[in-house]
Amino acid sequence: MIEVKEREDVFLAGFVEAEDRLPGKGQRWVRALRRSAIDHFSETGFPTTKNEEWKYTSVAPITRIDFQPPGESEAEAVPGSLRSWPPADLGPPRLVFVNGRYSPGLSMEGWLPRGIRFQPLARALEAGDERLSGHLARYASYGKQAFAALNTAYMNDGAFIEIEHGAVIETPVLLVYLTTAGGQPVATHPRNLVLAGRESQASLIEMYAGAADGVYFTNAVTEVAAEEGAIVEHYRIQEEAAEAFHVATVQFHQERSSSVLSHNVSFGGKLARYDVNSVLEGEGGECTLNGLYLAAGTQHVDNHTTLDHARPHCASREYYKGILDGKSTGVFNGKIIVRKDAQKTDAIQSNKNLLLAHEAAINTKPQLEIWADDVRCTHGATVGQLDDEALFYLRARGIRAEEARDLLTYAFAADVLGRMKNGAVRERLEKELFRRLHAR
């Protein structure tokens, strides 16, 4: 506890030093927002395992490392191991951030289709953009979330995207975050804000990766506000380095008859924690949360989700699957909340986990919190191993044991990958899944 308190003090002292260097220092509302966030962090501190929401995930490994803010980084500073990022098969348009800062040289901003307006967050903060001030930090609460509070206080750059009313954007927009780490551990706090206008349609892909030998900490927050009738498909793919730490909050806010389809995929990182939430604030809204997490060695991955039904006639679906090998550990905590006025809610939640080793472990806790009486809600969770009979069947047909294991494991994950509408993303993740399974 003493070490954790010392690290909290370091972040508090670091904010005092960094405040006048962070973007938007000349905007009164930005300074007030940052100070409110750091005050909340000072009050709550880092979560411990005594906190119910962090019962199975200790952040002590993060607090033990002296993370520093990254220095100025140019495209030329990206090491060779990351030169293949972003993946060419996903195509333009792409917006690339290196060590938390926008990199025009690696980006293809000019390929953005009509109907989308993009600004690097740092530029929008400096300009005091009125649209930004009306939405930033309005949806992702930092009052009781230490890492969201840290992100809000330290946010430096990210993507501020506006999708115009009625715009139908057929080409996905790719956001890529690369961390080079360098000679010392670094911490970045990417912040994204997406405003989907009324009756608009768009698809966004967030990808996170870093230098293979890097020790770094990514603390990201993404807010997506979908206005009436908007349709948003959001992909979040994490392929961080083996020794990296990744904490993220994704918050959706949905107005009447809006639709959100979310895909959250986690492959990398030493410790990864995701909070994916949606508030269905408008009648007739729909939200689907799909998730796939793969852990091996001593990796730890934690998924917390909340689907908050605040209005009637809304529907939600949640399908999360986990594959754990070696001595890895996983956590799934999914909560469906149905408010008193949210009659006619239709919600289904499912979490299934596959343990490939005897020492792998998962703690799963699906939850229903229902305050209305005219609803249809179901939830369930399973934990199991590969079917011996299925393995025997494949072996009897000349398939080697390792290949049979990989095929059955892939079949388990294919249900989640198959729900992805973007064929290029789906195909890439299928290849990456096979590569990681074979690497075992």
# chains A, B, ... in the order shown; residues from 1 in each chain; ligands from 1

call {"tool": "select_by_dssp", "arguments": {"residues": "segment 40-241 of chain A", "states": "strand (DSSP E or B)", "output": "number ranges by chain"}}
result
A: 68, 94-98, 101-102, 116-120, 159-163, 168, 173-179, 186-188, 191-196, 201-210, 216-226, 231-239

call {"tool": "residues_around", "arguments": {"residues": "segment 327-329 of chain A", "least_positions_apart": "6", "cutoff": "6 Å", "atoms": "only C-alpha atoms", "output": "CSV table (one decimal) with C-alpha atoms, in the first residue's frame"}}
result
chain,number,residue,atom,x,y,z
A,295,ALA,CA,-4.0,-15.1,-23.0
A,296,ALA,CA,-1.0,-17.3,-22.5
A,297,GLY,CA,2.1,-17.5,-20.3
A,298,THR,CA,1.4,-15.3,-17.3
A,299,GLN,CA,-0.8,-12.8,-19.1
A,300,HIS,CA,-3.8,-11.3,-17.2
A,359,GLU,CA,-3.0,-23.8,-14.5
A,360,ALA,CA,-5.0,-21.3,-16.5
A,361,ALA,CA,-7.9,-19.7,-14.6
A,362,ILE,CA,-10.9,-17.5,-15.2

call {"tool": "closest_residue", "arguments": {"among": "A:Arg426, A:Arg114, A:Lys344, A:His253", "to": "Glu228 of chain A", "atoms": "only C-alpha atoms"}}
result
A:His253

call {"tool": "residues_around", "arguments": {"residues": "segment 406-423 of chain A", "least_positions_apart": "2", "cutoff": "7 Å", "atoms": "only C-alpha atoms", "output": "list in words"}}
result
Asn290, Gly291, Leu292, Lys321, Glu402, Glu403, Ala404, Val425, Arg426, Glu427 and Leu437 of chain A

call {"tool": "select_by_dssp", "arguments": {"residues": "segment 126-173 of chain A", "states": "helix (DSSP H, G or I)", "output": "list in words"}}
result
Glu126, Ala127, Glu130, Arg131, Leu132, Ser133, Gly134, His135, Ala146, Phe147, Ala148, Ala149, Leu150, Asn151, Thr152, Ala153 and Tyr154 of chain A

call {"tool": "closest_residue", "arguments": {"among": "A:Arg428, A:Arg317, A:Arg191, A:Lys50", "to": "Tyr102 of chain A", "atoms": "only C-alpha atoms"}}
result
A:Arg191

call {"tool": "residues_around", "arguments": {"residues": "segment 337-343 of chain A", "least_positions_apart": "6", "cutoff": "7 Å", "atoms": "only C-alpha atoms", "output": "list in words"}}
result
Leu307, Asp308, His309, Ala310, Arg311, Pro312, His313, Leu368, Glu369, Ile370, Trp371, Ala372, Asp373, Asp374 and Val375 of chain A

call {"tool": "write_last_selection", "arguments": {"atoms": "C-alpha atoms", "output": "PDB file, in the first residue's frame"}}
result
ATOM      1  CA  LEU A 307     -25.246  -2.328 -20.642  1.00  0.00           C
ATOM      2  CA  ASP A 308     -27.485   0.285 -19.038  1.00  0.00           C
ATOM      3  CA  HIS A 309     -31.067   0.190 -20.327  1.00  0.00           C
ATOM      4  CA  ALA A 310     -32.465   3.590 -19.341  1.00  0.00           C
ATOM      5  CA  ARG A 311     -35.448   3.733 -21.739  1.00  0.00           C
ATOM      6  CA  PRO A 312     -38.111   1.266 -22.943  1.00  0.00           C
ATOM      7  CA  HIS A 313     -38.105  -0.923 -26.062  1.00  0.00           C
ATOM      8  CA  LEU A 368     -28.589  -8.787 -14.045  1.00  0.00           C
ATOM      9  CA  GLU A 369     -29.911  -5.761 -12.190  1.00  0.00           C
ATOM     10  CA  ILE A 370     -33.582  -5.388 -13.107  1.00  0.00           C
ATOM     11  CA  TRP A 371     -35.946  -2.706 -11.799  1.00  0.00           C
ATOM     12  CA  ALA A 372     -38.714  -3.156 -14.379  1.00  0.00           C
ATOM     13  CA  ASP A 373     -41.253  -5.988 -14.573  1.00  0.00           C
ATOM     14  CA  ASP A 374     -42.021  -6.351 -18.297  1.00  0.00           C
ATOM     15  CA  VAL A 375     -38.661  -7.490 -19.644  1.00  0.00           C
TER      16      VAL A 375
END

call {"tool": "decode", "arguments": {"residues": "segment 141-170 of chain A", "atoms": "C-alpha atoms", "output": "PDB file, in the first residue's frame"}}
result
ATOM      1  CA  SER A 141     -17.281   9.221 -15.964  1.00  0.00           C
ATOM      2  CA  TYR A 142     -14.059   9.790 -14.086  1.00  0.00           C
ATOM      3  CA  GLY A 143     -15.664  10.426 -10.697  1.00  0.00           C
ATOM      4  CA  LYS A 144     -15.037   6.905  -9.393  1.00  0.00           C
ATOM      5  CA  GLN A 145     -12.688   5.556 -12.056  1.00  0.00           C
ATOM      6  CA  ALA A 146      -9.046   6.256 -11.241  1.00  0.00           C
ATOM      7  CA  PHE A 147      -7.644   5.458 -14.678  1.00  0.00           C
ATOM      8  CA  ALA A 148     -10.323   7.462 -16.512  1.00  0.00           C
ATOM      9  CA  ALA A 149      -9.530  10.348 -14.163  1.00  0.00           C
ATOM     10  CA  LEU A 150      -5.810  10.058 -14.946  1.00  0.00           C
ATOM     11  CA  ASN A 151      -6.556  10.015 -18.664  1.00  0.00           C
ATOM     12  CA  THR A 152      -8.767  13.104 -18.395  1.00  0.00           C
ATOM     13  CA  ALA A 153      -6.101  14.979 -16.453  1.00  0.00           C
ATOM     14  CA  TYR A 154      -3.167  13.936 -18.661  1.00  0.00           C
ATOM     15  CA  MET A 155      -4.864  13.578 -22.091  1.00  0.00           C
ATOM     16  CA  ASN A 156      -2.530  14.922 -24.731  1.00  0.00           C
ATOM     17  CA  ASP A 157      -3.806  13.832 -28.114  1.00  0.00           C
ATOM     18  CA  GLY A 158      -6.156  11.482 -29.905  1.00  0.00           C
ATOM     19  CA  ALA A 159      -8.927  11.661 -32.490  1.00  0.00           C
ATOM     20  CA  PHE A 160     -11.864  14.052 -32.458  1.00  0.00           C
ATOM     21  CA  ILE A 161     -14.204  12.761 -35.154  1.00  0.00           C
ATOM     22  CA  GLU A 162     -17.583  14.148 -36.229  1.00  0.00           C
ATOM     23  CA  ILE A 163     -19.851  12.270 -38.617  1.00  0.00           C
ATOM     24  CA  GLU A 164     -22.298  14.612 -40.308  1.00  0.00           C
ATOM     25  CA  HIS A 165     -26.064  14.167 -40.086  1.00  0.00           C
ATOM     26  CA  GLY A 166     -27.275  11.692 -42.678  1.00  0.00           C
ATOM     27  CA  ALA A 167     -23.766  10.771 -43.859  1.00  0.00           C
ATOM     28  CA  VAL A 168     -23.260   7.139 -44.862  1.00  0.00           C
ATOM     29  CA  ILE A 169     -19.550   6.355 -44.607  1.00  0.00           C
ATOM     30  CA  GLU A 170     -18.867   3.036 -46.304  1.00  0.00           C
TER      31      GLU A 170
END
